[in-house]
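File shown here: start.txt, holding compact mmCIF, C-alpha atoms.
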```
# COMPACT_ATOMS: atom_id res chain seq x y z
CA MET U 1 33.59 160.08 -6.75
CA ASN U 2 31.66 156.87 -6.43
CA GLU U 3 31.66 155.16 -3.04
CA PHE U 4 32.03 151.65 -4.47
CA ALA U 5 35.22 150.52 -6.14
CA ILE U 6 33.46 147.52 -7.65
CA GLU U 7 29.82 147.23 -8.63
CA VAL U 8 28.25 144.21 -10.25
CA ASP U 9 24.62 144.46 -11.30
CA ALA U 10 22.45 141.56 -12.48
CA LEU U 11 25.47 140.07 -14.21
CA SER U 12 24.84 136.93 -16.23
CA GLN U 13 27.16 135.16 -18.59
CA ALA U 14 26.24 132.22 -20.77
CA TYR U 15 28.35 130.29 -23.23
CA GLY U 16 25.88 128.60 -25.51
CA ARG U 17 23.40 126.96 -23.19
CA ARG U 18 25.80 126.86 -20.30
CA GLU U 19 25.05 129.52 -17.68
CA VAL U 20 28.42 130.42 -16.14
CA LEU U 21 27.30 133.43 -14.13
CA ASP U 22 23.73 133.78 -12.98
CA ARG U 23 22.38 137.22 -11.98
CA ILE U 24 25.28 138.25 -9.81
CA GLU U 25 24.97 141.31 -7.56
CA LEU U 26 28.06 142.47 -5.70
CA ARG U 27 29.54 145.60 -4.16
CA ALA U 28 33.00 146.25 -2.81
CA GLY U 29 34.17 149.44 -1.20
CA PRO U 30 37.58 150.96 -0.56
CA GLY U 31 39.58 149.17 2.13
CA GLU U 32 38.06 145.79 1.44
CA VAL U 33 40.11 142.70 0.72
CA ILE U 34 37.78 140.09 -0.68
CA GLY U 35 38.42 136.36 -0.80
CA LEU U 36 36.60 134.79 -3.74
CA VAL U 37 35.98 131.19 -2.82
CA GLY U 38 34.35 128.30 -4.63
CA ARG U 39 34.98 125.02 -6.36
CA ASN U 40 36.68 124.77 -9.74
CA GLY U 41 34.25 125.64 -12.50
CA CYS U 42 31.90 127.67 -10.31
CA GLY U 43 32.52 130.87 -12.29
CA LYS U 44 35.22 132.65 -10.25
CA THR U 45 37.54 133.15 -13.20
CA THR U 46 34.74 134.29 -15.49
CA LEU U 47 33.59 136.77 -12.85
CA LEU U 48 37.08 138.23 -12.43
CA GLU U 49 37.66 138.40 -16.17
CA THR U 50 34.30 140.07 -16.73
CA LEU U 51 35.12 142.56 -13.96
CA ALA U 52 38.34 143.30 -15.81
CA GLY U 53 36.34 144.00 -18.96
CA LEU U 54 37.60 140.99 -20.92
CA HIS U 55 34.16 139.59 -21.70
CA GLN U 56 30.98 141.15 -22.92
CA PRO U 57 28.37 139.93 -20.41
CA SER U 58 25.18 138.26 -21.68
CA SER U 59 23.31 140.73 -19.50
CA GLY U 60 23.95 143.09 -16.62
CA GLN U 61 27.11 145.06 -16.08
CA CYS U 62 30.23 145.66 -13.99
CA ARG U 63 31.71 148.98 -12.98
CA LEU U 64 35.17 149.71 -11.62
CA LEU U 65 35.68 153.01 -9.81
CA GLY U 66 32.31 154.10 -11.17
CA GLN U 67 33.14 153.39 -14.80
CA PRO U 68 31.94 150.47 -16.95
CA SER U 69 34.54 147.68 -17.08
CA LEU U 70 33.90 147.00 -20.75
CA ASP U 71 34.86 150.47 -21.78
CA MET U 72 37.51 151.33 -19.22
CA PRO U 73 38.73 154.91 -19.55
CA GLU U 74 42.47 155.54 -19.34
CA ASP U 75 42.38 157.10 -15.85
CA VAL U 76 40.67 153.96 -14.48
CA ARG U 77 43.07 151.65 -16.32
CA GLN U 78 45.94 153.48 -14.63
CA GLN U 79 44.48 152.56 -11.24
CA PHE U 80 43.59 148.99 -12.04
CA GLY U 81 45.70 145.84 -11.84
CA PHE U 82 45.07 142.16 -12.41
CA VAL U 83 46.82 138.82 -12.32
CA PHE U 84 45.18 136.01 -14.19
CA GLN U 85 45.80 132.29 -13.91
CA GLU U 86 47.16 132.02 -17.41
CA GLU U 87 49.49 134.94 -17.01
CA GLU U 88 49.88 136.53 -20.38
CA LEU U 89 53.61 137.02 -20.33
CA PHE U 90 55.79 137.42 -23.39
CA ASP U 91 57.87 134.26 -23.31
CA TRP U 92 60.48 135.56 -25.75
CA MET U 93 61.37 138.60 -23.65
CA VAL U 94 64.05 138.94 -21.01
CA VAL U 95 62.50 139.57 -17.57
CA SER U 96 63.96 143.06 -17.09
CA ASP U 97 62.78 144.16 -20.57
CA HIS U 98 59.33 142.78 -19.83
CA VAL U 99 59.19 144.75 -16.59
CA ASP U 100 60.27 147.94 -18.41
CA LEU U 101 57.66 147.40 -21.11
CA VAL U 102 54.80 147.08 -18.63
CA GLY U 103 56.22 149.92 -16.55
CA SER U 104 56.14 152.23 -19.58
CA MET U 105 52.35 151.82 -19.74
CA TYR U 106 51.75 153.38 -16.33
CA THR U 107 52.37 156.94 -15.25
CA ASN U 108 52.75 156.05 -11.57
CA TRP U 109 55.06 153.04 -11.95
CA ASP U 110 57.17 152.53 -8.83
CA LYS U 111 60.53 151.39 -10.23
CA THR U 112 62.22 151.13 -6.84
CA HIS U 113 59.49 148.98 -5.34
CA VAL U 114 59.43 146.71 -8.39
CA ARG U 115 63.21 146.30 -8.26
CA GLN U 116 63.01 145.44 -4.54
CA LEU U 117 60.30 142.86 -5.10
CA LEU U 118 62.16 141.21 -7.98
CA LYS U 119 65.19 140.92 -5.77
CA ARG U 120 63.37 139.82 -2.63
CA TRP U 121 61.34 137.22 -4.50
CA ARG U 122 64.43 136.08 -6.40
CA VAL U 123 63.02 136.45 -9.88
CA PRO U 124 66.07 136.28 -12.19
CA THR U 125 65.88 139.53 -14.17
CA GLY U 126 68.44 138.47 -16.79
CA GLU U 127 66.56 135.30 -17.71
CA GLN U 128 64.23 134.82 -20.63
CA VAL U 129 60.62 134.60 -19.43
CA SER U 130 60.16 131.17 -21.07
CA ARG U 131 62.87 129.76 -18.80
CA LEU U 132 61.18 130.77 -15.54
CA SER U 133 59.62 128.15 -13.29
CA ARG U 134 55.85 128.21 -12.74
CA GLY U 135 56.32 129.85 -9.36
CA GLN U 136 58.67 132.48 -10.79
CA ARG U 137 56.21 133.26 -13.60
CA GLN U 138 53.48 133.72 -11.05
CA MET U 139 55.67 136.02 -8.96
CA LEU U 140 56.56 138.06 -12.03
CA GLY U 141 52.86 138.35 -12.87
CA ILE U 142 52.11 139.60 -9.36
CA ILE U 143 54.97 142.11 -9.42
CA LEU U 144 53.80 143.45 -12.78
CA ALA U 145 50.33 143.95 -11.32
CA LEU U 146 51.61 145.68 -8.19
CA GLY U 147 54.07 147.99 -9.92
CA HIS U 148 51.65 150.88 -10.21
CA ALA U 149 50.09 150.34 -6.74
CA PRO U 150 46.57 149.93 -8.19
CA ARG U 151 43.47 151.14 -6.36
CA VAL U 152 41.59 148.06 -7.58
CA LEU U 153 43.46 144.79 -7.83
CA LEU U 154 42.03 141.51 -9.10
CA LEU U 155 43.95 138.30 -8.59
CA ASP U 156 42.88 134.91 -9.89
CA GLU U 157 44.55 132.21 -7.82
CA PRO U 158 47.69 134.29 -7.62
CA ALA U 159 49.54 132.03 -5.21
CA SER U 160 48.66 128.57 -6.54
CA ALA U 161 52.21 127.78 -7.70
CA LEU U 162 54.06 129.48 -4.85
CA ASP U 163 55.82 127.63 -2.08
CA PRO U 164 54.73 128.41 1.51
CA VAL U 165 57.48 130.99 2.08
CA ALA U 166 56.80 132.82 -1.17
CA ARG U 167 53.08 132.73 -0.43
CA ARG U 168 53.62 134.39 2.91
CA GLU U 169 55.72 137.08 1.22
CA PHE U 170 52.97 137.64 -1.30
CA LEU U 171 50.39 137.91 1.48
CA GLY U 172 52.69 140.42 3.15
CA GLU U 173 52.42 142.54 -0.01
CA LEU U 174 48.63 142.31 0.19
CA VAL U 175 48.83 143.51 3.80
CA GLU U 176 50.97 146.45 2.63
CA LEU U 177 48.33 147.30 0.03
CA ALA U 178 45.57 146.98 2.62
CA LEU U 179 47.33 149.47 4.89
CA ASP U 180 46.19 152.10 2.42
CA GLU U 181 42.48 152.12 3.05
CA ARG U 182 41.58 153.45 -0.37
CA ARG U 183 42.40 150.18 -2.06
CA THR U 184 40.20 147.24 -2.97
CA VAL U 185 41.53 143.76 -3.63
CA VAL U 186 39.66 140.70 -4.84
CA PHE U 187 41.55 137.44 -4.90
CA SER U 188 40.39 133.93 -5.57
CA SER U 189 42.10 131.10 -3.82
CA HIS U 190 41.70 127.55 -2.63
CA LEU U 191 44.19 128.23 0.15
CA LEU U 192 41.65 129.25 2.73
CA THR U 193 44.07 129.80 5.60
CA ASP U 194 45.62 132.49 3.36
CA VAL U 195 42.19 133.96 2.78
CA GLU U 196 41.53 133.95 6.54
CA ARG U 197 44.66 135.99 7.16
CA VAL U 198 44.06 138.86 4.80
CA ALA U 199 40.44 138.90 3.68
CA THR U 200 37.86 141.15 5.30
CA ARG U 201 35.00 139.80 3.21
CA ILE U 202 34.13 136.50 1.56
CA TRP U 203 32.32 135.97 -1.69
CA LEU U 204 31.39 132.31 -1.78
CA MET U 205 30.32 131.08 -5.21
CA ARG U 206 28.53 127.95 -6.24
CA GLU U 207 27.40 127.03 -9.74
CA GLY U 208 27.53 130.54 -11.11
CA ARG U 209 25.80 132.20 -8.19
CA VAL U 210 26.97 134.01 -5.11
CA LEU U 211 25.92 131.77 -2.25
CA LEU U 212 27.26 134.05 0.46
CA ASP U 213 28.56 137.60 0.66
CA ASP U 214 29.57 138.36 4.22
CA SER U 215 32.35 139.78 6.33
CA LEU U 216 34.73 137.03 7.39
CA ASP U 217 34.32 137.80 11.10
CA HIS U 218 30.54 137.88 10.84
CA LEU U 219 30.56 134.60 8.94
CA LYS U 220 32.76 132.84 11.47
CA GLU U 221 30.75 134.13 14.40
CA GLY U 222 27.43 133.37 12.76
CA MET U 223 28.08 129.78 11.75
CA LEU U 224 27.65 127.06 14.30
CA GLN U 225 27.84 123.34 13.90
CA LEU U 226 25.90 121.03 16.16
CA ARG U 227 26.77 117.38 16.47
CA VAL U 228 24.73 114.83 18.27
CA HIS U 229 26.41 111.55 19.01
CA LYS U 230 24.28 108.49 19.29
CA GLY U 231 25.12 107.39 22.76
CA ARG U 232 23.69 104.83 25.05
CA GLN U 233 20.42 106.74 25.15
CA ALA U 234 18.69 107.80 21.98
CA ALA U 235 19.24 111.52 21.43
CA GLU U 236 17.71 113.47 18.62
CA LEU U 237 17.72 117.02 17.37
CA PRO U 238 14.39 118.67 16.65
CA PRO U 239 13.36 118.21 13.00
CA SER U 240 14.08 121.84 12.20
CA LEU U 241 16.16 124.50 13.92
CA ASN U 242 16.45 128.25 13.52
CA GLY U 243 19.00 129.16 10.88
CA GLU U 244 19.40 125.61 9.65
CA LEU U 245 21.48 125.35 6.47
CA LYS U 246 22.43 121.74 6.22
CA ARG U 247 21.74 118.50 8.01
CA GLN U 248 23.67 115.29 7.62
CA GLN U 249 23.33 111.78 9.00
CA HIS U 250 26.50 109.97 9.98
CA ASP U 251 27.37 106.56 11.40
CA TRP U 252 28.04 108.25 14.71
CA GLY U 253 24.97 110.47 14.74
CA GLU U 254 23.77 113.70 13.19
CA SER U 255 25.30 117.08 12.34
CA VAL U 256 23.57 120.35 11.56
CA LEU U 257 25.06 123.56 10.25
CA LEU U 258 23.32 126.71 11.49
CA TYR U 259 23.66 130.32 10.43
CA GLN U 260 22.82 132.88 13.10
CA PRO U 261 21.07 130.38 15.34
CA SER U 262 18.85 131.36 18.24
CA ARG U 263 20.86 131.37 21.47
CA GLU U 264 17.88 130.29 23.57
CA GLU U 265 17.24 127.34 21.33
CA ILE U 266 20.89 126.21 21.59
CA GLU U 267 20.92 126.60 25.36
CA GLU U 268 17.76 124.52 25.65
CA LEU U 269 19.31 121.81 23.52
CA GLN U 270 22.41 121.85 25.70
CA GLN U 271 20.23 121.31 28.76
CA ASP U 272 18.30 118.48 27.12
CA LEU U 273 21.10 116.61 25.40
CA GLY U 274 24.00 117.22 27.79
CA GLU U 275 27.16 115.43 26.81
CA GLN U 276 25.72 114.07 23.60
CA LEU U 277 25.60 117.52 22.00
CA ILE U 278 28.74 119.20 20.74
CA THR U 279 28.64 122.80 19.51
CA ARG U 280 31.54 124.21 17.57
CA ASN U 281 32.61 127.16 15.48
CA MET U 282 34.47 126.38 12.31
CA GLY U 283 37.39 127.82 10.39
CA LEU U 284 36.81 128.95 6.81
CA ASP U 285 38.26 125.80 5.32
CA GLU U 286 35.77 123.55 7.09
CA LEU U 287 32.94 125.99 6.42
CA ALA U 288 33.68 125.99 2.70
CA VAL U 289 33.66 122.20 2.60
CA GLU U 290 30.34 122.14 4.45
CA LEU U 291 28.74 124.75 2.22
CA LEU U 292 30.15 123.67 -1.11
CA SER U 293 29.91 119.89 -0.93
CA GLU U 294 26.73 118.14 -1.95
CA MET X 295 55.61 139.68 19.35
CA LEU X 296 53.21 139.09 22.18
CA PHE X 297 50.29 137.39 20.56
CA GLU X 298 49.47 133.90 19.46
CA LEU X 299 47.03 133.82 16.57
CA GLU X 300 45.40 130.78 15.07
CA THR X 301 44.15 131.43 11.54
CA ALA X 302 42.29 128.19 10.86
CA ASP X 303 40.34 128.54 14.10
CA GLY X 304 36.61 129.11 14.32
CA VAL X 305 37.27 132.20 16.45
CA PRO X 306 37.75 135.35 14.34
CA LEU X 307 41.23 136.85 14.51
CA TYR X 308 40.04 140.17 15.97
CA ARG X 309 38.33 138.24 18.79
CA GLN X 310 41.52 136.28 19.47
CA LEU X 311 43.42 139.56 19.75
CA VAL X 312 40.83 141.14 22.05
CA ASP X 313 40.78 138.13 24.37
CA GLN X 314 44.55 137.87 24.55
CA ILE X 315 45.13 141.54 25.22
CA ARG X 316 42.46 141.58 27.92
CA ARG X 317 44.03 138.59 29.57
CA MET X 318 47.47 140.17 29.40
CA ILE X 319 46.19 143.32 31.01
CA SER X 320 44.28 141.44 33.71
CA GLY X 321 47.25 139.18 34.34
CA GLY X 322 49.77 141.99 34.49
CA THR X 323 51.82 141.07 31.40
CA LEU X 324 50.68 144.44 30.11
CA ARG X 325 50.74 147.17 32.76
CA PRO X 326 48.89 150.47 32.84
CA GLY X 327 50.73 152.93 30.62
CA ASP X 328 52.33 150.21 28.48
CA GLU X 329 52.19 150.95 24.77
CA LEU X 330 50.81 148.49 22.25
CA PRO X 331 52.52 147.78 18.93
CA SER X 332 51.09 149.81 16.04
CA VAL X 333 48.37 148.41 13.79
CA ARG X 334 50.91 148.28 10.98
CA ALA X 335 53.46 146.39 13.07
CA VAL X 336 50.96 143.75 14.19
CA ALA X 337 49.49 143.36 10.68
CA GLU X 338 52.91 142.98 9.10
CA HIS X 339 54.25 140.65 11.75
CA TYR X 340 51.37 138.20 11.56
CA THR X 341 50.53 138.85 7.90
CA ILE X 342 46.94 139.69 8.73
CA ASN X 343 44.65 142.40 7.50
CA PRO X 344 45.29 145.71 9.32
CA MET X 345 41.53 146.21 9.75
CA THR X 346 41.48 143.13 11.98
CA VAL X 347 43.98 144.77 14.30
CA SER X 348 42.30 148.17 14.32
CA ARG X 349 38.96 146.53 15.02
CA ALA X 350 40.42 144.73 18.05
CA TYR X 351 42.04 147.93 19.33
CA ALA X 352 38.83 149.90 18.83
CA LEU X 353 36.81 147.36 20.82
CA LEU X 354 39.34 147.40 23.65
CA GLU X 355 39.21 151.18 23.62
CA ALA X 356 35.41 151.17 23.78
CA ASP X 357 35.51 148.74 26.71
CA GLY X 358 37.94 150.94 28.58
CA TRP X 359 41.02 148.75 28.38
CA LEU X 360 43.10 150.89 26.03
CA GLU X 361 43.32 154.57 25.25
CA ARG X 362 44.04 156.20 21.95
CA ARG X 363 46.28 159.22 21.78
CA ARG X 364 46.77 161.36 18.73
CA GLY X 365 49.71 160.22 16.62
CA LYS X 366 50.97 157.94 19.38
CA PRO X 367 50.63 154.22 20.06
CA MET X 368 47.60 152.86 21.91
CA ARG X 369 48.24 152.62 25.62
CA VAL X 370 46.91 150.45 28.44
CA ILE X 371 44.61 152.67 30.43
CA GLU X 372 45.40 153.70 34.00
CA ARG X 373 42.76 152.39 36.28
CA ASN X 374 42.26 150.64 39.52
CA TRP X 375 43.49 147.15 38.83
CA GLU X 376 42.86 146.15 42.43
CA ASP X 377 39.23 145.89 41.51
CA ARG X 378 38.78 142.14 41.43
CA GLN X 379 35.53 142.35 39.56
CA GLN X 380 37.32 143.87 36.59
CA ARG X 381 40.00 141.23 36.74
CA MET X 382 37.38 138.52 36.78
CA GLU X 383 36.04 139.91 33.52
CA GLY X 384 39.29 138.93 31.89
CA ILE X 385 38.80 135.28 32.66
CA HIS X 386 35.06 135.08 32.29
CA ASP X 387 35.00 133.89 28.68
CA SER X 388 37.52 131.13 29.40
CA LEU X 389 35.46 129.95 32.36
CA ARG X 390 32.31 129.93 30.31
CA LYS X 391 34.07 127.67 27.82
CA VAL X 392 35.19 125.33 30.61
CA VAL X 393 31.61 125.08 31.84
CA ARG X 394 30.38 124.32 28.34
CA ASP X 395 33.02 121.63 27.79
CA ALA X 396 32.30 120.16 31.20
CA ARG X 397 28.60 119.91 30.37
CA GLN X 398 29.34 118.24 27.08
CA LEU X 399 31.55 115.74 28.86
CA GLY X 400 28.96 115.18 31.56
CA LEU X 401 31.22 116.42 34.40
CA ASN X 402 29.69 118.18 37.39
CA SER X 403 30.89 121.40 39.01
CA ASN X 404 32.55 119.67 42.01
CA GLU X 405 34.70 117.55 39.73
CA VAL X 406 35.74 120.56 37.66
CA ILE X 407 36.44 122.73 40.70
CA SER X 408 38.66 120.12 42.29
CA ALA X 409 40.51 119.67 38.97
CA LEU X 410 41.02 123.46 38.89
CA GLU X 411 42.30 123.46 42.46
CA ASN X 412 44.80 120.75 41.55
CA LEU X 413 46.01 122.83 38.63
CA PHE X 414 46.43 125.86 40.91
CA GLU X 415 48.49 123.78 43.31
CA GLU X 416 50.63 122.44 40.48
CA SER X 417 51.34 125.92 39.18
CA ASP X 418 52.30 127.12 42.68
CA GLN X 419 55.07 124.57 42.92
```

Rendering of file as structure tokens:
Amino acid sequence: MNEFAIEVDALSQAYGRREVLDRIELRAGPGEVIGLVGRNGCGKTTLLETLAGLHQPSSGQCRLLGQPSLDMPEDVRQQFGFVFQEEELFDWMVVSDHVDLVGSMYTNWDKTHVRQLLKRWRVPTGEQVSRLSRGQRQMLGIILALGHAPRVLLLDEPASALDPVARREFLGELVELALDERRTVVFSSHLLTDVERVATRIWLMREGRVLLDDSLDHLKEGMLQLRVHKGRQAAELPPSLNGELKRQQHDWGESVLLYQPSREEIEELQQDLGEQLITRNMGLDELAVELLSE
Amino acid sequence: MLFELETADGVPLYRQLVDQIRRMISGGTLRPGDELPSVRAVAEHYTINPMTVSRAYALLEADGWLERRRGKPMRVIERNWEDRQQRMEGIHDSLRKVVRDARQLGLNSNEVISALENLFEESDQ
């Protein structure tokens, strides 16, 4: 058995001249819940769809549970689940029939759990799929992907149409999945406080490339923002600092984002600049804005 | 539940858990022999990844605050809580932060200490 649930090697995808994915290298092991973060159009959806074997890559390859995504054998398919943004549901079917149809494709379908979820999330089982609200469609999509308790689960903005209560319930299901340490989940989301709750690792994408692949804790602990306020006296940061990622000038002064800065250097600065220097750690939301904005 | 977790904070969730549990033990909210909620219970209650909770518990175990027993909940370790040095450890990080903030605000130690003394007096009343 392979130790990685997901392997992406030198994956590139181009549509015409447009490079959507550019030499992506990624690994995910069992027990990891990965938050895939990036701006719209950065390639998140293409990456997830290619992982699911829906596109033939221009070069490179993806493997799920040690097998190539493009040619997924039946035993891997049985352990794999996905929810895509444009959930491919059959609009003409009644919800309960749709659930039964999908259930019939999996040997380990958990009917009881599915019934509980449909009830708890108030998805009307007697309704025709076309009459569901956007949120209800999304919930149905998630339930259909969870029904066979997949070992590898890919979710593309699964909670974008859910209200805050439903989102929390959905996250609760992810926590349940994560309690079994053999599972791997990748989910893309713009709701970064959700990602902070359940993700162990972050894949941050920008313009078709993976800008950052780090554990969430490590990322939060490693990133430090310095701010120097122009006060009565002129105060300036040195022209370059250890671990410097980004420097910005503001009306009020200067800010610098550092990754794994040198402690000694920071302490020296604190001595020199006193009250004019502010050091702060940032939540994921702020970090993403810092790293993804121009 | 006991804890107060802030997801959008710059401090990782496991670190928030570690700090709070240490403070609770030092402060006596958690007493030697008290059992902690299971990893599952904490993860489900706060909707956070179970690994975050087990990481916090493992660190507290390594630092000698908690003990793990087979098939049973984690427990606050029996030790000599009269040792003031150990109790000081529980507040050290908070104090360090106060010092840092004070420096950034250009306050000196006398000013901060007298503010602290005032707060102690207030909380005695």

Could you make a table, as CSV, of the residues of chain U that have an atom within 10 Å of an atom of chain X, each with its nearest atom pair and distance in Å to one decimal, counting only C-alpha atoms, in chain and number order?
```
residue,atom,partner,partner_atom,distance
U:Gly31,CA,X:Met345,CA,8.4
U:Glu32,CA,X:Met345,CA,9.0
U:Val33,CA,X:Asn343,CA,8.2
U:Arg168,CA,X:Thr341,CA,7.4
U:Glu169,CA,X:Thr341,CA,8.6
U:Phe170,CA,X:Thr341,CA,9.6
U:Leu171,CA,X:Thr341,CA,6.5
U:Gly172,CA,X:Thr341,CA,5.4
U:Glu173,CA,X:Thr341,CA,8.9
U:Leu174,CA,X:Asn343,CA,8.3
U:Val175,CA,X:Asn343,CA,5.7
U:Glu176,CA,X:Glu338,CA,7.6
U:Leu177,CA,X:Asn343,CA,9.7
U:Ala178,CA,X:Asn343,CA,6.8
U:Leu179,CA,X:Pro344,CA,6.2
U:Asp180,CA,X:Pro344,CA,9.4
U:Glu181,CA,X:Met345,CA,9.0
U:Leu192,CA,X:Ala302,CA,8.2
U:Thr193,CA,X:Ala302,CA,5.8
U:Asp194,CA,X:Thr301,CA,8.4
U:Val195,CA,X:Thr301,CA,9.3
U:Glu196,CA,X:Thr301,CA,6.2
U:Arg197,CA,X:Ile342,CA,4.6
U:Val198,CA,X:Asn343,CA,4.5
U:Ala199,CA,X:Asn343,CA,6.7
U:Thr200,CA,X:Asn343,CA,7.2
U:Leu216,CA,X:Pro306,CA,7.8
U:Asp217,CA,X:Pro306,CA,5.3
U:His218,CA,X:Pro306,CA,8.4
U:Leu219,CA,X:Pro306,CA,9.0
U:Lys220,CA,X:Gly304,CA,6.1
U:Glu221,CA,X:Val305,CA,7.1
U:Met223,CA,X:Gly304,CA,8.9
U:Leu224,CA,X:Gly304,CA,9.2
U:Gln270,CA,X:Gln398,CA,7.9
U:Gln271,CA,X:Arg397,CA,8.6
U:Leu273,CA,X:Gln398,CA,8.6
U:Gly274,CA,X:Gln398,CA,5.5
U:Glu275,CA,X:Gln398,CA,3.6
U:Gln276,CA,X:Gln398,CA,6.5
U:Leu277,CA,X:Gln398,CA,6.3
U:Ile278,CA,X:Gln398,CA,6.4
U:Thr279,CA,X:Gln398,CA,8.9
U:Arg280,CA,X:Gly304,CA,7.8
U:Asn281,CA,X:Gly304,CA,4.6
U:Met282,CA,X:Gly304,CA,4.0
U:Gly283,CA,X:Gly304,CA,4.2
U:Leu284,CA,X:Ala302,CA,6.9
U:Asp285,CA,X:Ala302,CA,7.3
U:Glu286,CA,X:Ala302,CA,8.8
U:Leu287,CA,X:Gly304,CA,9.3
```

Can you tell me which residues surround range 17-29 of chain U at a distance of at most 8 Å, considering all atoms listed in the file, apart from same-chain residues fewer than 5 positions away, and format the answer as a list in words?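 In the requested format, the answer is Glu3, Phe4, Ala5, Ile6, Glu7, Val8, Asp9, Ala10, Leu11, Ser12, Cys42, Gly43, Thr46, Leu47, Gly60, Thr184, Glu207, Gly208, Arg209 and Val210 of chain U.
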
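Note that CA of Ile266 in chain U and CA of Pro239 in chain U are 13.9 Å apart.
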
Using only C-alpha atoms, which of U:Gln138, U:Leu257, U:Val114, U:Phe82 sits nearest Val152 in chain U? U:Phe82

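What separates CA of Pro331 in chain X from CA of Met368 in chain X is a distance of 7.7 Å.
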
If I take CA of Val228 in chain U and CA of Glu268 in chain U, how far is one from the other in Å, to one decimal?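 Separating CA of Val228 in chain U from CA of Glu268 in chain U is a distance of 14.0 Å.
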
Pick from X:Arg316, X:Leu296, X:Ile407, X:Gly358 nearest to His386 in chain X, counting all atoms listed in the file: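 Nearest candidate to His386 in chain X out of X:Arg316, X:Leu296, X:Ile407, X:Gly358: X:Arg316.
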
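Counting only C-alpha atoms, the residue from U:Asp213, U:Asp163, U:Asp71, U:Asp251 that sits nearest to Ala52 in chain U is U:Asp71.
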
Around (53.5, 158.7, 35.1) in the file's frame, which residues reach within 12 Å when counting only C-alpha atoms? Return as a PDB file with C-alpha atoms, keeping the file's coordinate frame?
```pdb
ATOM      1  CA  PRO X 326      48.890 150.470  32.840  1.00  0.00           C
ATOM      2  CA  GLY X 327      50.730 152.930  30.620  1.00  0.00           C
ATOM      3  CA  ASP X 328      52.330 150.210  28.480  1.00  0.00           C
ATOM      4  CA  ILE X 371      44.610 152.670  30.430  1.00  0.00           C
ATOM      5  CA  GLU X 372      45.400 153.700  34.000  1.00  0.00           C
TER       6      GLU X 372
END
```

May I ask you to restore N, CA, C and O atoms in range 85-94 of chain U and write the result as a short mmCIF file (atom, residue, chain, number, x, y, z; two decimals), in the coordinates of the input?
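Generated output (result_39.cif):
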```
data_model
loop_
_atom_site.label_atom_id
_atom_site.label_comp_id
_atom_site.auth_asym_id
_atom_site.auth_seq_id
_atom_site.Cartn_x
_atom_site.Cartn_y
_atom_site.Cartn_z
N GLN U 85 45.18 133.62 -14.04
CA GLN U 85 45.80 132.29 -13.91
C GLN U 85 46.76 132.01 -15.04
O GLN U 85 47.88 131.59 -14.83
N GLU U 86 46.28 132.22 -16.26
CA GLU U 86 47.16 132.02 -17.41
C GLU U 86 47.82 133.36 -17.68
O GLU U 86 47.39 134.12 -18.51
N GLU U 87 48.85 133.63 -16.92
CA GLU U 87 49.49 134.94 -17.01
C GLU U 87 49.99 135.17 -18.43
O GLU U 87 50.73 134.37 -18.98
N GLU U 88 49.50 136.25 -19.00
CA GLU U 88 49.88 136.53 -20.38
C GLU U 88 51.23 137.22 -20.42
O GLU U 88 51.32 138.44 -20.56
N LEU U 89 52.26 136.44 -20.27
CA LEU U 89 53.61 137.02 -20.33
C LEU U 89 54.19 136.75 -21.72
O LEU U 89 53.81 135.81 -22.39
N PHE U 90 55.12 137.64 -22.10
CA PHE U 90 55.79 137.42 -23.39
C PHE U 90 56.99 136.52 -23.16
O PHE U 90 58.01 136.95 -22.63
N ASP U 91 56.85 135.27 -23.59
CA ASP U 91 57.87 134.26 -23.31
C ASP U 91 59.24 134.60 -23.91
O ASP U 91 60.27 134.23 -23.36
N TRP U 92 59.22 135.31 -25.04
CA TRP U 92 60.48 135.56 -25.75
C TRP U 92 61.26 136.72 -25.15
O TRP U 92 62.40 136.96 -25.52
N MET U 93 60.67 137.44 -24.20
CA MET U 93 61.37 138.60 -23.65
C MET U 93 62.23 138.23 -22.45
O MET U 93 61.97 137.26 -21.76
N VAL U 94 63.26 139.06 -22.22
CA VAL U 94 64.05 138.94 -21.01
C VAL U 94 63.26 139.62 -19.88
O VAL U 94 62.58 140.63 -20.13
#
```
